[in-house]
Amino acid sequence: MANQTTHEPTILGIDPGTRFMGFAVVQGKSLLDYGVHTLRNGRRPYDLLGQARTHLLESIRGRQPSIVAIEEPLLLPSRRAALVSAIAQELRERARELGVRVVELSPRRVREMVVRNPHATKIDVAEAIVRQGFSELAALVPKRPARAALGIAERDRYWLHAFDALAIALAAGGVRE
């Protein structure tokens, strides 16, 4: 547990998605919590929004962050992208209602700030985070596929959502208004 007398803000990083929502809570370079919430598809998009909202509110209530950092969704012409955008908007608005500062960062900006490479892959980000002092997460980094064309199996991608959320939180810690 981080020393509560530190002047570092507590930051909740969120990687929104329609199936998985990664989260990580940091205070400076101390990892307080992390994980992946599985969102269950309901009959309506509102069901996913409600689940995402519930997870956000539980995280804010449990950790009382001073900053909520959310990855900006990519603006693509698809239903899934529209739903991710709606989830991000819902999270942003609920955090602001609770008086928490919200920082939104593009995936490219996060990769630039954390890995120094805006074109880094998700595995590059995870490996960089482990090298930056989060060695307790090393076992969660998936192995690179033998051939890039094969991609990463879904079960191996699971924890990458938490790594993305941690990268967002770390990047937000470097962003000052």
# chains A, B, ... in the order shown; residues from 1 in each chain; ligands from 1
$ select_by_dssp --residues "chain A" --states "helix (DSSP H, G or I)" --output "PyMOL selection string"
chain A and resi 45-63+79-97+107-115+122-131+135-140+148-150+154-157+160-173
$ select_by_dssp --residues "chain A" --states "strand (DSSP E or B)" --output "ChimeraX atom specification"
/A:10-15,20-27,30-38,67-71,101-105
$ atom_distance --atom1 "CA of Ile11 in chain A" --atom2 "CA of Glu90 in chain A"
18.1 Å
$ closest_residue --among "A:Arg111, A:Arg19, A:Arg79, A:His7" --to "Ile168 in chain A" --atoms "only C-alpha atoms"
A:Arg111
$ residues_around --residues "Gly173 in chain A" --least-positions-apart "2" --cutoff "10 Å" --atoms "only C-alpha atoms" --output "MDAnalysis selection string"
chainID A and resid 8:11 13 26:29 67 69 103 167:171 175:176
$ residues_around --residues "range 14-17 of chain A" --least-positions-apart "5" --cutoff "9 Å" --atoms "only C-alpha atoms" --output "compact mmCIF listing (two decimals) with N, CA and C atoms, in the first residue's frame"
# COMPACT_ATOMS: atom_id res chain seq x y z
N GLY A 22 -10.48 -2.60 -18.86
CA GLY A 22 -9.31 -2.66 -18.00
C GLY A 22 -9.28 -1.48 -17.05
N PHE A 23 -8.74 -1.70 -15.86
CA PHE A 23 -8.59 -0.60 -14.92
C PHE A 23 -7.29 -0.78 -14.14
N ALA A 24 -6.75 0.33 -13.70
CA ALA A 24 -5.56 0.31 -12.84
C ALA A 24 -5.59 1.57 -11.99
N VAL A 25 -5.16 1.43 -10.75
CA VAL A 25 -5.10 2.57 -9.83
C VAL A 25 -3.65 2.71 -9.39
N LEU A 39 -17.60 -7.28 -19.29
CA LEU A 39 -18.93 -6.70 -19.47
C LEU A 39 -19.78 -7.71 -20.22
N ALA A 52 -20.53 -0.69 -16.99
CA ALA A 52 -19.33 0.14 -16.96
C ALA A 52 -19.46 1.21 -15.88
N LEU A 56 -17.05 1.78 -12.54
CA LEU A 56 -16.40 3.07 -12.30
C LEU A 56 -16.74 3.58 -10.89
N VAL A 68 -9.40 10.62 -12.91
CA VAL A 68 -9.82 9.46 -13.69
C VAL A 68 -9.30 9.69 -15.10
N ALA A 69 -8.46 8.78 -15.56
CA ALA A 69 -7.87 8.89 -16.90
C ALA A 69 -8.53 7.84 -17.79
N ILE A 70 -9.07 8.29 -18.90
CA ILE A 70 -9.80 7.42 -19.81
C ILE A 70 -9.16 7.49 -21.19
N GLU A 71 -9.01 6.32 -21.80
CA GLU A 71 -8.49 6.29 -23.16
C GLU A 71 -9.58 6.79 -24.10
N GLU A 72 -9.21 7.76 -24.93
CA GLU A 72 -10.15 8.25 -25.94
C GLU A 72 -10.45 7.14 -26.93
N PRO A 73 -11.72 6.91 -27.20
CA PRO A 73 -12.04 5.87 -28.19
C PRO A 73 -11.70 6.32 -29.60
N ARG A 80 -19.71 -0.97 -32.92
CA ARG A 80 -18.86 -1.24 -31.75
C ARG A 80 -18.12 0.03 -31.31
N ALA A 81 -17.55 0.75 -32.28
CA ALA A 81 -16.83 1.99 -31.96
C ALA A 81 -17.77 3.02 -31.36
N LEU A 83 -20.41 2.36 -29.62
CA LEU A 83 -20.71 1.92 -28.26
C LEU A 83 -19.55 2.21 -27.30
N VAL A 84 -18.32 1.99 -27.75
CA VAL A 84 -17.15 2.32 -26.91
C VAL A 84 -17.13 3.82 -26.63
N SER A 85 -17.47 4.61 -27.62
CA SER A 85 -17.53 6.07 -27.44
C SER A 85 -18.60 6.43 -26.41
N ILE A 87 -19.69 4.50 -23.98
CA ILE A 87 -19.20 4.05 -22.67
C ILE A 87 -18.21 5.07 -22.12
N ALA A 88 -17.28 5.52 -22.94
CA ALA A 88 -16.29 6.51 -22.49
C ALA A 88 -16.99 7.80 -22.05
N LEU A 91 -18.61 7.21 -18.63
CA LEU A 91 -17.61 7.20 -17.57
C LEU A 91 -17.12 8.61 -17.26
N HIS A 161 -5.69 -5.52 -21.43
CA HIS A 161 -6.62 -4.45 -21.08
C HIS A 161 -6.18 -3.75 -19.79
N ALA A 162 -5.71 -4.53 -18.81
CA ALA A 162 -5.21 -3.93 -17.57
C ALA A 162 -3.91 -3.16 -17.82
N PHE A 163 -3.03 -3.71 -18.68
CA PHE A 163 -1.81 -2.99 -19.01
C PHE A 163 -2.13 -1.67 -19.71
N ASP A 164 -3.11 -1.68 -20.61
CA ASP A 164 -3.51 -0.43 -21.27
C ASP A 164 -4.02 0.58 -20.25
N ALA A 165 -4.82 0.12 -19.29
CA ALA A 165 -5.34 1.02 -18.26
C ALA A 165 -4.20 1.58 -17.40
N LEU A 166 -3.23 0.74 -17.09
CA LEU A 166 -2.08 1.20 -16.31
C LEU A 166 -1.27 2.22 -17.10
N ILE A 168 -2.43 4.23 -19.33
CA ILE A 168 -3.23 5.46 -19.34
C ILE A 168 -3.05 6.21 -18.03
N ALA A 169 -3.09 5.48 -16.91
CA ALA A 169 -2.90 6.12 -15.60
C ALA A 169 -1.51 6.74 -15.48
